[in-house]
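Printed here is final-v6.cif (mmCIF, C-alpha atoms):
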```cif
data_model
loop_
_atom_site.label_atom_id
_atom_site.label_comp_id
_atom_site.auth_asym_id
_atom_site.auth_seq_id
_atom_site.Cartn_x
_atom_site.Cartn_y
_atom_site.Cartn_z
CA ASP S 262 87.75 111.93 75.05
CA VAL S 263 87.80 113.16 78.60
CA LYS S 264 91.10 114.67 79.57
CA VAL S 265 92.17 115.17 83.15
CA THR S 266 95.61 116.66 83.62
CA GLN S 267 97.69 117.12 86.73
CA SER S 268 100.40 119.72 87.05
CA SER S 269 103.27 117.36 87.88
CA ARG S 270 103.99 113.64 87.59
CA TYR S 271 106.69 113.74 90.25
CA LEU S 272 107.25 116.25 93.03
CA VAL S 273 109.76 116.41 95.85
CA LYS S 274 109.12 118.81 98.73
CA ARG S 275 110.59 119.43 102.14
CA THR S 276 108.77 119.04 105.43
CA GLY S 277 106.87 122.18 106.32
CA GLU S 278 106.56 123.50 102.77
CA LYS S 279 103.21 124.54 101.36
CA VAL S 280 102.39 122.35 98.37
CA PHE S 281 99.92 122.94 95.58
CA LEU S 282 98.69 120.13 93.36
CA GLU S 283 96.69 121.30 90.38
CA CYS S 284 94.11 119.39 88.39
CA VAL S 285 92.33 120.50 85.23
CA GLN S 286 89.58 118.74 83.28
CA ASP S 287 88.34 119.69 79.85
CA MET S 288 84.90 118.07 79.72
CA ASP S 289 82.83 120.56 81.68
CA HIS S 290 82.30 118.03 84.46
CA GLU S 291 80.46 119.17 87.56
CA ASN S 292 82.25 116.92 90.00
CA MET S 293 85.92 116.73 90.86
CA PHE S 294 87.77 114.56 93.37
CA TRP S 295 91.15 114.17 95.04
CA TYR S 296 92.36 110.76 96.19
CA ARG S 297 95.57 109.44 97.58
CA GLN S 298 96.77 105.94 96.87
CA ASP S 299 99.06 104.04 99.20
CA PRO S 300 100.23 100.40 99.11
CA GLY S 301 97.96 98.22 101.19
CA LEU S 302 95.47 101.03 101.81
CA GLY S 303 94.08 101.44 98.31
CA LEU S 304 92.45 104.65 97.15
CA ARG S 305 91.17 107.01 99.79
CA LEU S 306 89.08 110.09 99.13
CA ILE S 307 90.53 113.33 100.47
CA TYR S 308 88.11 115.99 99.23
CA PHE S 309 85.54 116.42 96.51
CA SER S 310 83.58 119.21 94.91
CA TYR S 311 80.16 119.16 93.26
CA ASP S 312 80.27 122.73 92.05
CA VAL S 313 82.42 125.80 91.80
CA LYS S 314 83.43 127.16 95.20
CA MET S 315 81.87 124.15 96.84
CA LYS S 316 83.84 121.47 98.68
CA GLU S 317 83.13 118.45 100.82
CA LYS S 318 85.43 116.46 103.06
CA GLY S 319 86.20 112.91 102.10
CA ASP S 320 87.50 110.18 104.35
CA ILE S 321 90.94 111.66 105.13
CA PRO S 322 90.83 115.48 104.89
CA GLU S 323 93.19 116.20 107.78
CA GLY S 324 96.24 118.15 106.68
CA TYR S 325 94.71 119.09 103.34
CA SER S 326 92.56 121.84 101.89
CA VAL S 327 91.14 122.43 98.42
CA SER S 328 90.12 125.24 96.14
CA ARG S 329 87.74 125.31 93.22
CA GLU S 330 87.48 128.81 91.81
CA LYS S 331 86.71 127.67 88.27
CA LYS S 332 84.70 124.70 87.09
CA GLU S 333 87.58 123.07 85.26
CA ARG S 334 90.21 123.41 87.98
CA PHE S 335 90.46 121.73 91.37
CA SER S 336 93.50 122.35 93.54
CA LEU S 337 94.74 120.31 96.49
CA ILE S 338 96.78 122.19 99.07
CA LEU S 339 99.07 120.74 101.70
CA GLU S 340 99.39 123.61 104.14
CA SER S 341 102.52 122.24 105.82
CA ALA S 342 103.78 119.09 104.17
CA SER S 343 104.76 116.18 106.35
CA THR S 344 106.53 112.93 105.56
CA ASN S 345 103.33 110.93 106.07
CA GLN S 346 101.85 112.78 103.11
CA THR S 347 104.32 111.09 100.78
CA SER S 348 101.97 109.32 98.39
CA MET S 349 100.47 109.08 94.92
CA TYR S 350 97.78 111.73 94.46
CA LEU S 351 95.05 111.15 91.91
CA CYS S 352 92.56 113.67 90.63
CA ALA S 353 89.29 112.64 88.99
CA SER S 354 86.20 114.22 87.49
CA SER S 355 82.70 113.05 86.58
CA ARG S 356 79.63 114.49 84.89
CA GLY S 357 77.17 113.35 87.49
CA ALA S 358 77.67 112.00 90.98
CA GLU S 359 76.62 108.50 89.87
CA GLN S 360 78.60 108.60 86.64
CA GLU S 361 82.03 107.11 86.09
CA GLN S 362 85.01 109.09 87.25
CA TYR S 363 87.86 109.86 84.88
CA PHE S 364 91.30 110.04 86.40
CA GLY S 365 94.41 112.05 85.74
CA PRO S 366 97.87 110.49 85.46
CA GLY S 367 98.64 111.07 89.13
CA THR S 368 101.30 113.01 91.01
CA ARG S 369 103.83 111.08 93.02
CA LEU S 370 104.72 113.36 95.90
CA THR S 371 107.71 112.74 98.12
CA VAL S 372 108.11 114.80 101.28
CA THR S 373 111.59 114.66 102.79
CA ALA N 1098 77.91 100.95 105.00
CA GLN N 1099 79.37 100.12 101.64
CA LYS N 1100 82.16 97.66 101.07
CA VAL N 1101 83.96 96.10 98.12
CA THR N 1102 86.02 92.96 98.52
CA GLN N 1103 88.52 91.77 95.96
CA ALA N 1104 89.79 88.62 97.59
CA GLN N 1105 92.48 87.95 95.00
CA THR N 1106 95.46 90.12 95.79
CA GLU N 1107 97.62 88.87 92.93
CA ILE N 1108 97.05 86.57 89.99
CA SER N 1109 99.63 85.32 87.56
CA VAL N 1110 98.73 83.65 84.27
CA VAL N 1111 100.38 82.70 81.02
CA GLU N 1112 99.41 84.52 77.87
CA LYS N 1113 96.24 83.23 76.15
CA GLU N 1114 94.81 81.87 79.38
CA ASP N 1115 91.39 83.08 80.50
CA VAL N 1116 91.31 84.78 83.88
CA THR N 1117 88.47 85.91 86.15
CA LEU N 1118 88.82 88.67 88.70
CA ASP N 1119 86.35 88.46 91.54
CA CYS N 1120 84.46 91.33 93.11
CA VAL N 1121 81.97 91.04 95.96
CA TYR N 1122 80.14 94.08 97.25
CA GLU N 1123 77.96 95.08 100.17
CA THR N 1124 75.39 97.84 100.25
CA ARG N 1125 71.97 98.46 101.76
CA ASP N 1126 70.88 100.61 98.86
CA THR N 1127 68.54 99.26 96.19
CA THR N 1128 69.96 101.72 93.67
CA TYR N 1129 73.69 101.53 93.26
CA TYR N 1130 76.41 101.56 90.64
CA LEU N 1131 79.33 99.25 90.06
CA PHE N 1132 82.54 100.01 88.19
CA TRP N 1133 85.75 98.41 87.04
CA TYR N 1134 88.98 100.32 86.52
CA LYS N 1135 92.36 99.28 85.18
CA GLN N 1136 95.61 100.76 86.49
CA PRO N 1137 98.57 99.87 84.26
CA PRO N 1138 102.15 100.37 85.46
CA SER N 1139 102.03 103.97 84.20
CA GLY N 1140 99.70 104.71 87.11
CA GLU N 1141 96.63 106.26 85.50
CA LEU N 1142 93.30 104.62 86.35
CA VAL N 1143 91.35 103.80 83.22
CA PHE N 1144 87.58 103.42 83.36
CA LEU N 1145 86.36 100.10 81.93
CA ILE N 1146 82.68 99.69 82.74
CA ARG N 1147 79.77 101.05 84.74
CA ARG N 1148 76.69 99.04 85.72
CA ASN N 1149 73.61 100.13 87.62
CA SER N 1150 71.78 97.83 90.01
CA PHE N 1151 68.76 97.46 87.74
CA ASP N 1152 70.70 96.11 84.81
CA GLU N 1153 71.85 92.55 85.42
CA GLN N 1154 72.65 91.80 81.83
CA ASN N 1155 76.15 90.55 81.28
CA GLU N 1156 78.39 92.73 79.21
CA ILE N 1157 80.97 91.76 76.63
CA SER N 1158 83.50 94.09 75.09
CA GLY N 1159 86.05 92.34 72.92
CA ARG N 1160 88.06 90.03 75.17
CA TYR N 1161 86.51 91.54 78.31
CA SER N 1162 83.28 90.38 79.89
CA TRP N 1163 81.47 91.15 83.10
CA ASN N 1164 79.10 88.98 85.09
CA PHE N 1165 76.79 90.87 87.44
CA GLN N 1166 74.80 88.71 89.88
CA LYS N 1167 72.72 90.48 92.50
CA SER N 1168 71.85 87.17 94.17
CA THR N 1169 75.48 86.74 95.19
CA SER N 1170 76.39 90.45 95.28
CA SER N 1171 79.13 89.85 92.78
CA PHE N 1172 80.41 91.69 89.74
CA ASN N 1173 83.16 89.54 88.27
CA PHE N 1174 85.42 90.45 85.38
CA THR N 1175 86.78 87.93 82.89
CA ILE N 1176 89.56 88.45 80.40
CA THR N 1177 89.55 85.90 77.61
CA ALA N 1178 92.81 84.94 75.90
CA SER N 1179 94.86 87.22 78.11
CA GLN N 1180 97.71 89.27 76.70
CA VAL N 1181 100.82 90.79 78.25
CA VAL N 1182 99.24 94.25 77.84
CA ASP N 1183 96.51 93.17 80.25
CA SER N 1184 99.04 93.21 83.08
CA ALA N 1185 97.78 95.82 85.53
CA VAL N 1186 96.04 96.33 88.82
CA TYR N 1187 92.27 96.07 88.44
CA PHE N 1188 89.90 97.81 90.82
CA CYS N 1189 86.24 97.15 91.41
CA ALA N 1190 84.25 100.06 92.86
CA LEU N 1191 80.76 100.68 94.25
CA ARG N 1192 78.68 103.79 94.65
CA GLY N 1193 75.43 103.58 96.54
CA TRP N 1194 72.63 106.06 96.26
CA ASN N 1195 73.88 109.41 97.50
CA GLU N 1196 77.12 107.84 98.70
CA LYS N 1197 80.78 108.24 97.88
CA LEU N 1198 82.58 105.90 95.52
CA VAL N 1199 84.25 103.04 97.39
CA PHE N 1200 87.07 101.05 95.84
CA GLY N 1201 88.23 97.54 96.51
CA LYS N 1202 91.90 97.00 97.33
CA GLY N 1203 92.61 95.84 93.78
CA THR N 1204 93.86 92.67 92.11
CA LYS N 1205 97.28 92.72 90.50
CA LEU N 1206 97.23 90.69 87.30
CA THR N 1207 100.48 89.59 85.70
CA VAL N 1208 100.31 88.00 82.28
CA ASN N 1209 103.51 86.23 81.38
CA PRO N 1210 104.55 85.63 77.78
#
```
Translate the structure described by the file into structure tokens.
Amino acid sequence: DVKVTQSSRYLVKRTGEKVFLECVQDMDHENMFWYRQDPGLGLRLIYFSYDVKMKEKGDIPEGYSVSREKKERFSLILESASTNQTSMYLCASSRGAEQEQYFGPGTRLTVT
Amino acid sequence: AQKVTQAQTEISVVEKEDVTLDCVYETRDTTYYLFWYKQPPSGELVFLIRRNSFDEQNEISGRYSWNFQKSTSSFNFTITASQVVDSAVYFCALRGWNEKLVFGKGTKLTVNP
């Protein structure tokens, strides 16, 4: 079974803090993704990576950066958290770009 | 441009009823992939099925079945004899050739005992 884990289920941070969200997959998948999910807006792609040290912007990259130093780990970084980044963050991985994505349990981030 | 429309925002049924969740998609690609995911109240999206554009055969898996019709650009999902555990938000998604995965807005299904 594919396992995607995220470092926290719930996180509360203050405005202006630097926030790290970690994601690890154990199936040697090439591709990894970060989404945010908001009521009424659905899932929106923030960043993705097709290989180690490689990253591509998704639909809403502003205010975020990512890091992929190892194949199994994909980190999402909020350089200076703001209240409008309060959301559910979902990490996913897939073997090939056209293959199904497997999701982690999500991190519900609240920025106060 | 790619688009997925799930017109049904919420559906409520009584246990043992059959229910169909609609999904209509738009793409200019001839090669594309369609997916269904389930998101139970716990929050984790669970992969259910993947279909490529060249395989129009319907799929059945236990109480779940999928009807893919290219003529109407639809990929509908039916749950037979629904159960309370089927209560979740269901997402249809599309990935065109060399494109990003695009999700519909989801259909919230509530199965009442």
Let me make sure I understand: among S:Glu283, S:Gly357, S:Thr371, S:Ile338, which one has the smallest atom-to-atom distance to Ser269 (chain S) if we use all atoms listed in the file?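 Checking each candidate against Ser269 (chain S), we get S:Glu283 as the closest.
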To verify the selection step, state as a list of chain:residue names which residues the PyMOL selection byres ((chain S) within 10 of (chain N)) yields on this input.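 With the PyMOL selection byres ((chain S) within 10 of (chain N)) on this model, the match is S:Arg270, S:Pro300, S:Gly301, S:Leu302, S:Gly303, S:Leu304, S:Arg305, S:Leu306, S:Phe309, S:Gly319, S:Asp320, S:Met349, S:Leu351, S:Cys352, S:Ala353, S:Ala358, S:Glu359, S:Gln360, S:Glu361, S:Gln362, S:Tyr363, S:Phe364, S:Gly365, S:Pro366, S:Gly367, S:Thr368, S:Arg369.
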For the file shown, what are the residues hit by the PyMOL selection byres ((chain N and resi 1110) around 10), laid out as a PyMOL selection string? chain N and resi 1108-1109+1111-1116+1179-1181+1184+1206-1210
Residues of the last selection are to be written out with C-alpha atoms, as a PDB file, in the coordinates of the input.
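result16.pdb was written with the following content:
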```pdb
ATOM      1  CA  ILE N1108      97.050  86.570  89.990  1.00  0.00           C
ATOM      2  CA  SER N1109      99.630  85.320  87.560  1.00  0.00           C
ATOM      3  CA  VAL N1111     100.380  82.700  81.020  1.00  0.00           C
ATOM      4  CA  GLU N1112      99.410  84.520  77.870  1.00  0.00           C
ATOM      5  CA  LYS N1113      96.240  83.230  76.150  1.00  0.00           C
ATOM      6  CA  GLU N1114      94.810  81.870  79.380  1.00  0.00           C
ATOM      7  CA  ASP N1115      91.390  83.080  80.500  1.00  0.00           C
ATOM      8  CA  VAL N1116      91.310  84.780  83.880  1.00  0.00           C
ATOM      9  CA  SER N1179      94.860  87.220  78.110  1.00  0.00           C
ATOM     10  CA  GLN N1180      97.710  89.270  76.700  1.00  0.00           C
ATOM     11  CA  VAL N1181     100.820  90.790  78.250  1.00  0.00           C
ATOM     12  CA  SER N1184      99.040  93.210  83.080  1.00  0.00           C
ATOM     13  CA  LEU N1206      97.230  90.690  87.300  1.00  0.00           C
ATOM     14  CA  THR N1207     100.480  89.590  85.700  1.00  0.00           C
ATOM     15  CA  VAL N1208     100.310  88.000  82.280  1.00  0.00           C
ATOM     16  CA  ASN N1209     103.510  86.230  81.380  1.00  0.00           C
ATOM     17  CA  PRO N1210     104.550  85.630  77.780  1.00  0.00           C
TER      18      PRO N1210
END
```
Evaluated on this file, the PyMOL selection byres ((chain S and resi 330) around 7) picks out some residues - which ones are they, written as an MDAnalysis selection string? chainID S and resid 313:314 328:329 331:332
Centre, edges in Å (one decimal): axis-aligned box, region 1141-1157 of chain N, 6 Å padding on all six sides, as AutoDock Vina command-line options:
```
--center_x 82.7 --center_y 98.4 --center_z 83.3 --size_x 39.9 --size_y 27.7 --size_z 25.4
```
Close residues, Ser1158 (chain N) itself excluded, 12 Å, all atoms listed in the file, min 4 positions apart in chain, as number ranges by chain: N: 1145-1146, 1162-1163, 1174-1177
Complete the atoms of region 1191-1202 of chain N to all heavy atoms and put them out as a JSON list (two decimals), in the coordinates of the input.
```
[["chain", "number", "residue", "atom", "x", "y", "z"],
["N", 1191, "LEU", "N", 82.21, 100.65, 94.00],
["N", 1191, "LEU", "CA", 80.76, 100.68, 94.25],
["N", 1191, "LEU", "C", 80.35, 102.08, 94.68],
["N", 1191, "LEU", "O", 81.03, 102.71, 95.50],
["N", 1191, "LEU", "CB", 80.43, 99.69, 95.37],
["N", 1191, "LEU", "CG", 79.09, 99.82, 96.09],
["N", 1191, "LEU", "CD1", 77.94, 99.39, 95.18],
["N", 1191, "LEU", "CD2", 79.09, 98.98, 97.37],
["N", 1192, "ARG", "N", 79.24, 102.55, 94.15],
["N", 1192, "ARG", "CA", 78.68, 103.79, 94.65],
["N", 1192, "ARG", "C", 77.20, 103.57, 94.92],
["N", 1192, "ARG", "O", 76.44, 103.28, 94.01],
["N", 1192, "ARG", "CB", 78.85, 104.93, 93.66],
["N", 1192, "ARG", "CG", 78.41, 106.27, 94.25],
["N", 1192, "ARG", "CD", 78.41, 107.37, 93.23],
["N", 1192, "ARG", "NE", 78.12, 108.66, 93.86],
["N", 1192, "ARG", "CZ", 76.90, 109.10, 94.14],
["N", 1192, "ARG", "NH1", 75.85, 108.37, 93.86],
["N", 1192, "ARG", "NH2", 76.73, 110.28, 94.70],
["N", 1193, "GLY", "N", 76.83, 103.68, 96.18],
["N", 1193, "GLY", "CA", 75.43, 103.58, 96.54],
["N", 1193, "GLY", "C", 74.71, 104.88, 96.27],
["N", 1193, "GLY", "O", 75.32, 105.88, 95.86],
["N", 1194, "TRP", "N", 73.42, 104.85, 96.51],
["N", 1194, "TRP", "CA", 72.63, 106.06, 96.26],
["N", 1194, "TRP", "C", 73.05, 107.15, 97.22],
["N", 1194, "TRP", "O", 73.03, 106.99, 98.42],
["N", 1194, "TRP", "CB", 71.15, 105.73, 96.44],
["N", 1194, "TRP", "CG", 70.28, 106.91, 96.16],
["N", 1194, "TRP", "CD1", 69.59, 107.64, 97.05],
["N", 1194, "TRP", "CD2", 70.03, 107.49, 94.88],
["N", 1194, "TRP", "NE1", 68.92, 108.65, 96.41],
["N", 1194, "TRP", "CE2", 69.18, 108.58, 95.08],
["N", 1194, "TRP", "CE3", 70.47, 107.18, 93.57],
["N", 1194, "TRP", "CZ2", 68.73, 109.36, 94.02],
["N", 1194, "TRP", "CZ3", 70.03, 107.97, 92.53],
["N", 1194, "TRP", "CH2", 69.17, 109.04, 92.76],
["N", 1195, "ASN", "N", 73.47, 108.28, 96.69],
["N", 1195, "ASN", "CA", 73.88, 109.41, 97.50],
["N", 1195, "ASN", "C", 75.08, 109.10, 98.40],
["N", 1195, "ASN", "O", 75.20, 109.64, 99.50],
["N", 1195, "ASN", "CB", 72.70, 109.89, 98.37],
["N", 1195, "ASN", "CG", 72.74, 111.39, 98.58],
["N", 1195, "ASN", "OD1", 73.24, 112.14, 97.74],
["N", 1195, "ASN", "ND2", 72.23, 111.83, 99.71],
["N", 1196, "GLU", "N", 75.93, 108.23, 97.94],
["N", 1196, "GLU", "CA", 77.12, 107.84, 98.70],
["N", 1196, "GLU", "C", 78.37, 108.17, 97.89],
["N", 1196, "GLU", "O", 78.31, 108.47, 96.71],
["N", 1196, "GLU", "CB", 77.10, 106.33, 98.98],
["N", 1196, "GLU", "CG", 75.93, 105.85, 99.82],
["N", 1196, "GLU", "CD", 76.17, 106.05, 101.29],
["N", 1196, "GLU", "OE1", 77.28, 106.49, 101.66],
["N", 1196, "GLU", "OE2", 75.24, 105.79, 102.08],
["N", 1197, "LYS", "N", 79.50, 108.06, 98.58],
["N", 1197, "LYS", "CA", 80.78, 108.24, 97.88],
["N", 1197, "LYS", "C", 81.18, 106.93, 97.19],
["N", 1197, "LYS", "O", 80.71, 105.86, 97.54],
["N", 1197, "LYS", "CB", 81.86, 108.64, 98.89],
["N", 1197, "LYS", "CG", 81.59, 110.00, 99.53],
["N", 1197, "LYS", "CD", 82.79, 110.44, 100.36],
["N", 1197, "LYS", "CE", 82.92, 109.67, 101.64],
["N", 1197, "LYS", "NZ", 81.99, 110.16, 102.68],
["N", 1198, "LEU", "N", 82.04, 107.07, 96.22],
["N", 1198, "LEU", "CA", 82.58, 105.90, 95.52],
["N", 1198, "LEU", "C", 83.56, 105.17, 96.43],
["N", 1198, "LEU", "O", 84.43, 105.80, 97.03],
["N", 1198, "LEU", "CB", 83.28, 106.35, 94.24],
["N", 1198, "LEU", "CG", 83.77, 105.28, 93.27],
["N", 1198, "LEU", "CD1", 82.60, 104.49, 92.72],
["N", 1198, "LEU", "CD2", 84.56, 105.92, 92.15],
["N", 1199, "VAL", "N", 83.37, 103.86, 96.55],
["N", 1199, "VAL", "CA", 84.25, 103.04, 97.39],
["N", 1199, "VAL", "C", 84.95, 102.03, 96.50],
["N", 1199, "VAL", "O", 84.31, 101.32, 95.72],
["N", 1199, "VAL", "CB", 83.42, 102.31, 98.46],
["N", 1199, "VAL", "CG1", 84.28, 101.30, 99.21],
["N", 1199, "VAL", "CG2", 82.80, 103.29, 99.43],
["N", 1200, "PHE", "N", 86.27, 101.96, 96.65],
["N", 1200, "PHE", "CA", 87.07, 101.05, 95.84],
["N", 1200, "PHE", "C", 87.45, 99.80, 96.63],
["N", 1200, "PHE", "O", 87.66, 99.86, 97.85],
["N", 1200, "PHE", "CB", 88.37, 101.73, 95.39],
["N", 1200, "PHE", "CG", 88.19, 102.76, 94.33],
["N", 1200, "PHE", "CD1", 87.85, 104.06, 94.67],
["N", 1200, "PHE", "CD2", 88.35, 102.44, 93.00],
["N", 1200, "PHE", "CE1", 87.69, 105.03, 93.69],
["N", 1200, "PHE", "CE2", 88.19, 103.39, 92.01],
["N", 1200, "PHE", "CZ", 87.85, 104.69, 92.36],
["N", 1201, "GLY", "N", 87.59, 98.69, 95.92],
["N", 1201, "GLY", "CA", 88.23, 97.54, 96.51],
["N", 1201, "GLY", "C", 89.73, 97.77, 96.56],
["N", 1201, "GLY", "O", 90.24, 98.78, 96.05],
["N", 1202, "LYS", "N", 90.45, 96.84, 97.17],
["N", 1202, "LYS", "CA", 91.90, 97.00, 97.33],
["N", 1202, "LYS", "C", 92.66, 96.68, 96.03],
["N", 1202, "LYS", "O", 93.86, 96.92, 95.94],
["N", 1202, "LYS", "CB", 92.40, 96.12, 98.46],
["N", 1202, "LYS", "CG", 91.92, 96.56, 99.84],
["N", 1202, "LYS", "CD", 92.54, 97.86, 100.25],
["N", 1202, "LYS", "CE", 92.01, 98.39, 101.56],
["N", 1202, "LYS", "NZ", 92.31, 97.56, 102.71]]
```
